[in-house]
Structure formats: C-alpha cells, structure tokens
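Okay, final06.txt now, which holds compact mmCIF, C-alpha atoms:
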```txt
# COMPACT_ATOMS: atom_id res chain seq x y z
CA ILE A 1 16.51 34.88 -88.78
CA VAL A 2 14.20 36.91 -86.54
CA GLU A 3 13.56 35.81 -82.95
CA GLU A 4 10.27 37.12 -81.63
CA LEU A 5 8.54 35.70 -78.60
CA ASP A 6 4.86 34.88 -79.00
CA ILE A 7 3.63 36.29 -75.71
CA ILE A 8 0.10 36.91 -77.00
CA ASP A 9 -0.45 33.26 -77.91
CA THR A 10 0.98 32.12 -74.58
CA LEU A 11 -1.39 34.43 -72.70
CA ASN A 12 -4.27 33.07 -74.78
CA ILE A 13 -3.17 29.54 -73.87
CA ILE A 14 -3.29 30.46 -70.17
CA LEU A 15 -6.83 31.78 -70.67
CA ARG A 16 -7.84 28.55 -72.45
CA LEU A 17 -6.44 26.28 -69.75
CA GLN A 18 -7.28 28.49 -66.78
CA PRO A 19 -10.34 30.59 -67.68
CA GLU A 20 -10.91 31.35 -63.99
CA ALA A 21 -7.32 32.42 -63.21
CA ARG A 22 -7.15 35.10 -60.49
CA GLU A 23 -3.95 36.71 -61.75
CA ILE A 24 -1.01 36.25 -64.11
CA VAL A 25 2.46 36.95 -62.74
CA MET A 26 5.28 37.42 -65.26
CA LEU A 27 8.93 36.78 -64.44
CA ASN A 28 11.41 38.89 -66.40
CA ASP A 29 14.96 40.17 -65.97
CA ASN A 30 16.38 43.66 -66.55
CA SER A 31 18.92 42.74 -69.23
CA ILE A 32 18.84 44.38 -72.66
CA SER A 33 16.91 41.44 -74.08
CA GLY A 34 14.74 41.43 -70.97
CA GLN A 35 13.85 45.07 -71.53
CA GLY A 36 12.84 44.25 -75.10
CA THR A 37 10.75 41.35 -73.85
CA ARG A 38 9.09 43.66 -71.30
CA ALA A 39 8.10 46.02 -74.12
CA MET A 40 6.57 43.13 -76.11
CA ALA A 41 4.77 41.90 -73.00
CA ASP A 42 3.33 45.38 -72.35
CA LYS A 43 1.94 45.47 -75.90
CA ALA A 44 0.43 42.02 -75.46
CA LEU A 45 -1.18 43.01 -72.17
CA ALA A 46 -2.66 46.10 -73.78
CA LEU A 47 -4.15 44.08 -76.65
CA LEU A 48 -5.69 41.50 -74.31
CA SER A 49 -6.53 43.83 -71.44
CA LYS A 50 -10.29 43.21 -71.62
CA ARG A 51 -9.88 39.43 -71.32
CA LEU A 52 -7.03 39.11 -68.87
CA PRO A 53 -7.18 38.93 -65.07
CA PRO A 54 -4.90 41.31 -63.12
CA CYS A 55 -1.27 40.98 -64.28
CA ARG A 56 1.99 42.02 -62.65
CA TYR A 57 5.76 41.52 -63.03
CA LEU A 58 8.39 39.94 -60.84
CA GLU A 59 11.61 41.83 -61.59
CA ASN A 60 14.87 43.10 -60.11
CA LYS A 61 15.00 40.60 -57.24
CA LYS A 62 17.42 37.94 -56.09
CA PHE A 63 16.42 34.50 -57.26
CA SER A 64 15.86 33.38 -53.68
CA ASP A 65 13.37 36.24 -53.27
CA ILE A 66 11.70 35.23 -56.54
CA LEU A 67 11.24 31.72 -55.16
CA SER A 68 9.80 33.14 -51.97
CA ASP A 69 7.28 35.19 -53.95
CA ALA A 70 6.42 32.18 -56.12
CA ARG A 71 5.58 30.11 -53.06
CA LYS A 72 3.00 32.73 -52.04
CA LEU A 73 1.07 32.59 -55.32
CA SER A 74 -2.48 31.30 -55.25
CA PRO A 75 -3.04 27.88 -56.87
CA ASP A 76 -5.58 29.48 -59.21
CA SER A 77 -3.07 32.00 -60.57
CA ALA A 78 -0.43 31.51 -63.29
CA LEU A 79 3.29 32.25 -63.49
CA LEU A 80 4.71 33.12 -66.91
CA VAL A 81 8.49 33.05 -67.34
CA LEU A 82 9.58 35.49 -70.03
CA SER A 83 13.26 36.41 -70.50
CA TYR A 84 15.01 35.40 -67.34
CA GLY A 85 18.74 34.74 -67.56
CA ASN A 86 20.02 36.73 -64.58
CA ASP A 87 18.51 37.96 -61.34
CA GLY A 88 18.37 41.41 -59.78
CA THR A 89 21.98 41.11 -58.53
CA GLY A 90 23.27 40.31 -62.02
CA ALA A 91 23.93 36.64 -61.18
CA VAL A 92 23.52 34.34 -64.19
CA ILE A 93 20.61 31.95 -63.74
CA ASP A 94 20.72 28.53 -65.41
CA PRO A 95 17.40 28.05 -67.26
CA GLN A 96 16.95 24.37 -66.47
CA SER A 97 17.78 24.46 -62.75
CA SER A 98 15.92 27.74 -62.20
CA THR A 99 12.86 26.32 -63.95
CA THR A 100 12.99 23.21 -61.78
CA HIS A 101 13.22 25.29 -58.58
CA LEU A 102 10.39 27.57 -59.72
CA THR A 103 8.00 24.79 -60.67
CA GLN A 104 8.69 22.93 -57.43
CA ALA A 105 8.14 26.03 -55.32
CA CYS A 106 5.14 27.48 -57.14
CA PRO A 107 1.69 26.05 -56.25
CA ALA A 108 0.30 27.45 -59.52
CA PRO A 109 0.93 26.33 -63.11
CA VAL A 110 4.11 27.78 -64.65
CA TYR A 111 4.28 28.70 -68.35
CA ALA A 112 7.12 29.96 -70.53
CA VAL A 113 7.95 31.27 -74.00
CA HIS A 114 11.22 29.34 -74.59
CA ALA A 115 11.31 25.62 -75.44
CA LYS A 116 14.48 25.13 -73.40
CA ARG A 117 12.35 25.24 -70.24
CA LEU A 118 10.01 22.46 -71.37
CA GLY A 119 10.58 19.20 -69.53
CA TRP A 120 11.68 20.92 -66.32
CA GLY A 121 8.23 21.30 -64.78
CA ILE A 122 6.45 23.98 -66.81
CA VAL A 123 3.02 23.34 -68.32
CA GLY A 124 4.11 24.77 -71.67
CA GLY A 125 3.14 27.66 -73.91
CA ALA A 126 3.78 29.05 -77.37
CA LEU A 127 7.47 28.19 -77.28
CA LEU A 128 10.36 29.52 -79.31
CA VAL A 129 12.57 26.59 -80.34
CA GLY A 130 16.22 27.66 -80.37
CA ARG A 131 17.35 24.56 -82.24
CA ALA A 132 15.01 25.33 -85.12
CA GLN A 133 16.47 28.84 -85.31
CA GLY A 134 19.99 27.44 -85.35
CA GLU A 135 19.12 25.05 -88.17
CA ALA A 136 17.53 27.85 -90.18
CA ALA A 137 20.59 30.08 -89.65
CA ALA A 138 22.86 27.22 -90.74
CA GLN A 139 20.87 26.81 -93.95
CA VAL A 140 21.33 30.52 -94.68
CA ALA A 141 25.06 30.24 -93.99
CA ILE A 142 25.35 27.31 -96.40
CA ARG A 143 23.63 29.29 -99.14
CA ILE A 144 26.03 32.19 -98.61
CA MET A 145 29.07 29.85 -98.63
CA ARG A 146 27.88 28.45 -101.95
CA GLY A 147 28.08 31.92 -103.43
CA GLU A 148 24.56 33.22 -103.07
CA ASP A 149 24.26 36.95 -102.44
CA ALA A 150 23.30 37.49 -98.78
CA ALA A 151 21.36 40.63 -99.72
CA GLY A 152 19.00 38.49 -101.79
CA ILE A 153 18.14 36.10 -98.99
CA PRO A 154 14.87 37.20 -97.33
CA VAL A 155 14.59 37.66 -93.60
CA ARG A 156 12.85 34.68 -92.06
CA GLN A 157 10.80 34.67 -88.89
CA LEU A 158 10.15 31.31 -87.28
CA ALA A 159 6.82 30.81 -85.58
CA SER A 160 6.56 29.64 -82.00
CA ILE A 161 5.15 26.17 -81.46
CA PRO A 162 2.46 25.28 -78.89
CA MET A 163 4.22 22.67 -76.77
CA PHE A 164 3.19 21.13 -73.44
CA ASP A 165 4.24 18.64 -70.79
CA ALA A 166 1.58 15.98 -70.09
CA LYS A 167 2.84 15.40 -66.55
CA ALA A 168 2.50 19.10 -65.67
CA LEU A 169 -0.98 19.21 -67.21
CA HIS A 170 -1.97 16.23 -65.09
CA ARG A 171 -0.36 17.70 -61.96
CA PHE A 172 -2.59 20.78 -62.08
CA GLY A 173 -5.69 19.05 -63.46
CA LEU A 174 -5.61 21.04 -66.72
CA ASP A 175 -7.81 19.69 -69.50
CA PRO A 176 -5.67 18.61 -72.51
CA THR A 177 -8.69 18.90 -74.81
CA ARG A 178 -8.40 22.68 -74.37
CA LEU A 179 -4.95 22.76 -75.98
CA PRO A 180 -4.64 24.59 -79.33
CA PHE A 181 -4.94 22.49 -82.47
CA GLY A 182 -1.62 21.04 -83.55
CA SER A 183 -0.05 21.21 -80.08
CA ILE A 184 2.93 18.99 -79.31
CA VAL A 185 2.61 17.12 -76.00
CA THR A 186 5.69 15.55 -74.43
CA ASN A 187 5.97 13.13 -71.51
CA SER A 188 2.63 11.57 -72.35
CA LEU A 189 1.41 9.43 -69.48
CA HIS A 190 1.94 5.76 -70.27
CA SER A 191 -1.21 4.01 -71.37
CA LEU A 192 -1.26 0.37 -72.43
CA TYR A 193 -4.56 0.96 -74.23
CA ARG A 194 -3.17 3.92 -76.20
CA GLU A 195 0.02 2.07 -77.04
CA TYR A 196 -1.62 -1.22 -78.07
CA ARG A 197 -5.06 0.01 -79.06
CA ASP A 198 -5.14 -1.67 -82.49
CA PHE A 199 -3.90 -4.98 -81.09
CA ILE A 200 -6.39 -4.85 -78.22
CA TRP A 201 -9.32 -4.19 -80.54
CA MET A 202 -8.20 -6.90 -82.98
CA THR A 203 -7.88 -9.40 -80.12
CA ALA A 204 -11.27 -8.38 -78.70
CA CYS A 205 -12.93 -8.83 -82.10
CA LEU A 206 -11.27 -12.23 -82.54
CA LEU A 207 -12.38 -13.38 -79.08
CA LEU A 208 -15.91 -12.13 -79.79
CA ALA A 209 -15.96 -14.06 -83.09
CA LEU A 210 -14.68 -17.21 -81.37
CA ALA A 211 -17.23 -16.86 -78.56
CA THR A 212 -20.02 -16.43 -81.12
CA ALA A 213 -18.85 -19.51 -83.02
CA VAL A 214 -18.73 -21.54 -79.80
CA VAL A 215 -22.26 -20.45 -78.87
CA LEU A 216 -23.61 -21.30 -82.34
CA LEU A 217 -21.86 -24.68 -82.42
CA THR A 218 -23.07 -25.53 -78.90
CA SER A 219 -26.61 -24.52 -79.83
CA ASN A 220 -26.43 -26.64 -83.01
CA ILE A 221 -25.10 -29.68 -81.12
CA LEU A 222 -27.81 -29.37 -78.48
CA SER A 223 -30.50 -29.05 -81.16
CA ARG A 224 -29.22 -32.13 -82.98
CA ARG A 225 -29.03 -34.05 -79.74
CA LYS A 226 -32.62 -33.18 -78.90
CA ALA A 227 -33.68 -34.19 -82.41
CA GLU A 228 -31.86 -37.53 -82.11
CA ILE A 229 -33.49 -38.23 -78.75
CA ALA A 230 -36.93 -37.39 -80.20
CA LEU A 231 -36.28 -39.59 -83.25
CA ASN A 232 -35.15 -42.50 -81.14
CA GLU A 233 -38.25 -42.16 -79.00
CA LYS A 234 -40.49 -42.14 -82.09
CA GLN A 235 -38.71 -45.18 -83.47
CA ARG A 236 -39.12 -46.99 -80.14
CA GLU A 237 -42.83 -46.15 -80.08
CA LEU A 238 -43.23 -47.31 -83.69
CA ALA A 239 -41.36 -50.56 -83.01
CA THR A 240 -43.53 -51.25 -79.98
CA LEU A 241 -46.71 -50.54 -82.00
CA LEU A 242 -45.69 -52.74 -84.93
CA GLY A 243 -44.54 -55.51 -82.63
CA ASN A 244 -47.99 -55.72 -81.07
CA LEU A 245 -49.95 -55.57 -84.35
CA PRO A 246 -51.63 -58.86 -85.48
CA GLY A 247 -50.27 -59.82 -88.85
CA MET A 248 -47.34 -58.27 -90.58
CA ALA A 249 -46.31 -54.77 -91.63
CA TYR A 250 -43.62 -53.99 -94.14
CA ARG A 251 -42.19 -51.21 -96.34
CA CYS A 252 -40.53 -51.65 -99.72
CA ARG A 253 -39.10 -49.45 -102.45
CA ALA A 254 -40.72 -49.10 -105.85
CA GLY A 255 -39.06 -51.24 -108.50
CA LYS A 256 -39.21 -54.61 -110.21
CA LEU A 257 -37.82 -56.58 -107.29
CA ARG A 258 -39.61 -54.52 -104.65
CA PRO A 259 -36.65 -54.55 -102.25
CA ILE A 260 -37.80 -54.69 -98.62
CA GLU A 261 -36.69 -51.85 -96.39
CA PHE A 262 -38.57 -52.86 -93.25
CA ILE A 263 -40.63 -55.85 -92.09
CA SER A 264 -42.21 -56.45 -88.68
CA ASP A 265 -41.71 -59.47 -86.44
CA GLY A 266 -45.19 -60.75 -87.48
CA CYS A 267 -43.59 -62.02 -90.72
CA LEU A 268 -42.18 -65.08 -88.95
CA GLU A 269 -45.54 -66.07 -87.52
CA LEU A 270 -47.33 -65.66 -90.89
CA THR A 271 -44.74 -66.98 -93.32
CA GLY A 272 -42.29 -68.93 -91.26
CA TYR A 273 -39.57 -66.65 -92.56
CA SER A 274 -37.85 -63.87 -90.71
```
How would this structure read if it were set down as structure tokens?
Amino acid sequence: IVEELDIIDTLNIILRLQPEAREIVMLNDNSISGQGTRAMADKALALLSKRLPPCRYLENKKFSDILSDARKLSPDSALLVLSYGNDGTGAVIDPQSSTTHLTQACPAPVYAVHAKRLGWGIVGGALLVGRAQGEAAAQVAIRIMRGEDAAGIPVRQLASIPMFDAKALHRFGLDPTRLPFGSIVTNSLHSLYREYRDFIWMTACLLLALATAVVLLTSNILSRRKAEIALNEKQRELATLLGNLPGMAYRCRAGKLRPIEFISDGCLELTGYS
C-alpha cells in the first residue's frame, strides 16, 4: 500500500476557494517523512508556479513560535499543514491538539493533507485517510495468510479524498459551491428545511390543495346562495303578479288527467273551489 500525499490537489482546492489569496504558507517538520513531504511539495509548487501566489515554509521552529507566526498571517492568506509531527526542538506534536491551537490562532483558513486533522478546525483539503490504508493493508494480509503469494499481489495506491468541514467553511465565508465534485462535507450546519425538505413540500402541497378546495367550495356556496335569493325574488314577483290578475291562471302537466301543478288564488273566486 503506497502512501502519497496529494499536495497538488490541495493547492488547487485553495485556489478554488481563495482565488485572491495573497500567499500560501506551508507548515512542515524536518523528520525523514517531513523531508520527503518537502520534496513532493517543491515539485507541486514548481508545477503550479504560474497560478500560485507567493509561497513559503514554516519549519524548524518551536511550536510556540509557529503559533506566533500563524497569528501574524493575513486573513486573505492560507496555511497548509503538511507533515508535522514534531517541532524544531524534536518535541512530538499531537496532531489533534496542535491543529486546534493552530486553527484558533490563525486568522486565515487552515488546510491539511491528512484526514486525522479534519474536525479540529481546518477547512479541509485532498486528505489521505489513514483508516482506509489500514483496511487495505489488512485485506492484503488476509490474502497472504490464506496462502496467496505476496509477490503476485500488486502494489496499491489509495487516492486522497476531498473532505471539508462545513463549520470552517462558514467561519471564513468560503463558498461551498466551489468545492470539487464528489467532496465529502462533515459538520453540516443544521437546517430544518434540508432535513425535512420532502415532508415540508408534501405538507405545503396538501395545505395548498385544501386551501384551493375551501376557496372553490366557498365560491360554489356563495353562487348557489345568490341563485336561491334571485329565484325566491322571482317567485315572489310572480306570485304578486298572479295574485293581482283578474281571473285565474294555472299550469298542468300533459296527460289524460291533466294533473295541476299550479293554480292562482283567482280559482276560488271563479269556481268556488280552492
């Protein structure tokens, strides 16, 4: 299993999120692995030299001095933590606590290349996930224990993953829409709409349907009421007219017996029958 830091992608991420960055400061130690990381970083800087702002290293200093330098950085710069496990005095530096101190002290966004620093204040980067490497190595070990020839197992290089902390992005006002496609974002800011979006839309549609039904029913009832009032008025006018007519008016259905449907009050005066 090959471990190779993706410094180029992390620098590109910084350029995407901070296109107007004044400088990029890289924190690295002088250990054997740190020297290898420095060589990879130099190659990455050479490849991206035409696009990058001025870049420099923070190396061979006590951690307290590193914090002092970090506090002096401009808010429109960026701090990139590379391999940093011990300071200039040789003292071992815990990655989580050192990352917390750095991100609290630094007024500029802090990036990294190791996933173990995510969640302790950094914005993110193209991060190497140690757990994924351990799982891949365990799978190789299992194959060997089952009798497979180790020489026949190909060397595997795991890709870094673009991972970010939503709270850090929000803290520095960095646009999450600029993140690379497929990025993993942790600590997403709580949003009731995002969490219950489907339920909210379903409820809104239901309420809209109910409101529409209420409006239609109310309109129908009002129309019927107006029609009833108009009909009653017509019937009152007709009754008044027929009541004042000399003689008799009537209406009957067609048929042998000619059943009477309506007869005016004049019937009593003419026939003696009501």
Counting all atoms listed in the file, the option among A:Ile14, A:Ala168, A:Ile142, A:Ala105 closest to Asp69 in chain A: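 The shortest atom-to-atom distance to Asp69 in chain A comes from A:Ala105.
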Contacts of Leu270 in chain A within 10 Å, all atoms listed in the file, excl. fewer than 6 positions in-chain, as a PyMOL selection string: chain A and resi 246-248
Residues near Pro75 in chain A, cut-off 7 Å, all atoms listed in the file, skip fewer than 2 positions along chain, as a list in words: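 Once the nearby chain positions are removed, what remains is Leu73, Ser77, Pro107 and Ala108 of chain A.
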Long-range neighbours of range 185-188 of chain A as JSON, numbers by chain, 9 Å cut-off, all atoms listed in the file, 6 positions minimum in chain: {"A": [118, 119, 124, 162, 163, 164, 165, 166, 167]}
Among the residues A:Leu208, A:Asp175, A:Ala91, A:Ser83, the one that comes closest to Arg117 in chain A [using all atoms listed in the file]: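 Among the listed residues, the smallest separation from Arg117 in chain A belongs to A:Ser83.
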Residue nearest Leu174 in chain A - candidates A:Pro109, A:Pro53, A:Gly121, A:Gly90, atoms counted: all atoms listed in the file: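 That would be A:Pro109, the residue with the smallest distance to Leu174 in chain A.
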Within 12 Å of Asp42 in chain A using all atoms listed in the file, minus same-chain residues under 5 positions, as a list in words: Ile7, Ile8, Leu11, Met26, Asn28, Gln35, Gly36, Thr37, Leu47, Leu48, Ser49, Cys55, Arg56, Tyr57 and Leu82 of chain A
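Counting from CA of Thr100 in chain A, the distance to CA of Asp29 in chain A is 17.6 Å.
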Gap from CA of Val123 in chain A to CA of Ala70 in chain A - Å, one decimal: 15.4 Å
d(CA of Gly85 in chain A, CA of Ile66 in chain A) in Å: 13.1 Å
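The residue that comes closest to Glu23 in chain A, out of A:Arg51, A:Lys234, A:Lys256, A:Lys43 and on the basis of only C-alpha atoms, is A:Arg51.
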Selected residue of minimal separation from Asp76 in chain A among A:Ser98, A:Gly147, A:Val110, A:Ser64, counting all atoms listed in the file: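 Checking each candidate against Asp76 in chain A, we get A:Val110 as the closest.
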Radius query 10 Å about (14.9, 38.5, -80.0), atoms used: all atoms listed in the file, as a PyMOL selection string: chain A and resi 1-5+33-34+36-37+83
Local residues around (-3.8, 26.1, -75.9), at most 8 Å away, using all atoms listed in the file, as a VMD selection string: chain A and resid 10 12 to 14 16 to 17 125 162 178 to 181 183
Near-range 261-264 of chain A list (8 Å; all atoms listed in the file; drop same-chain fewer than 5 positions) as a ChimeraX atom specification: /A:242-243,248-253
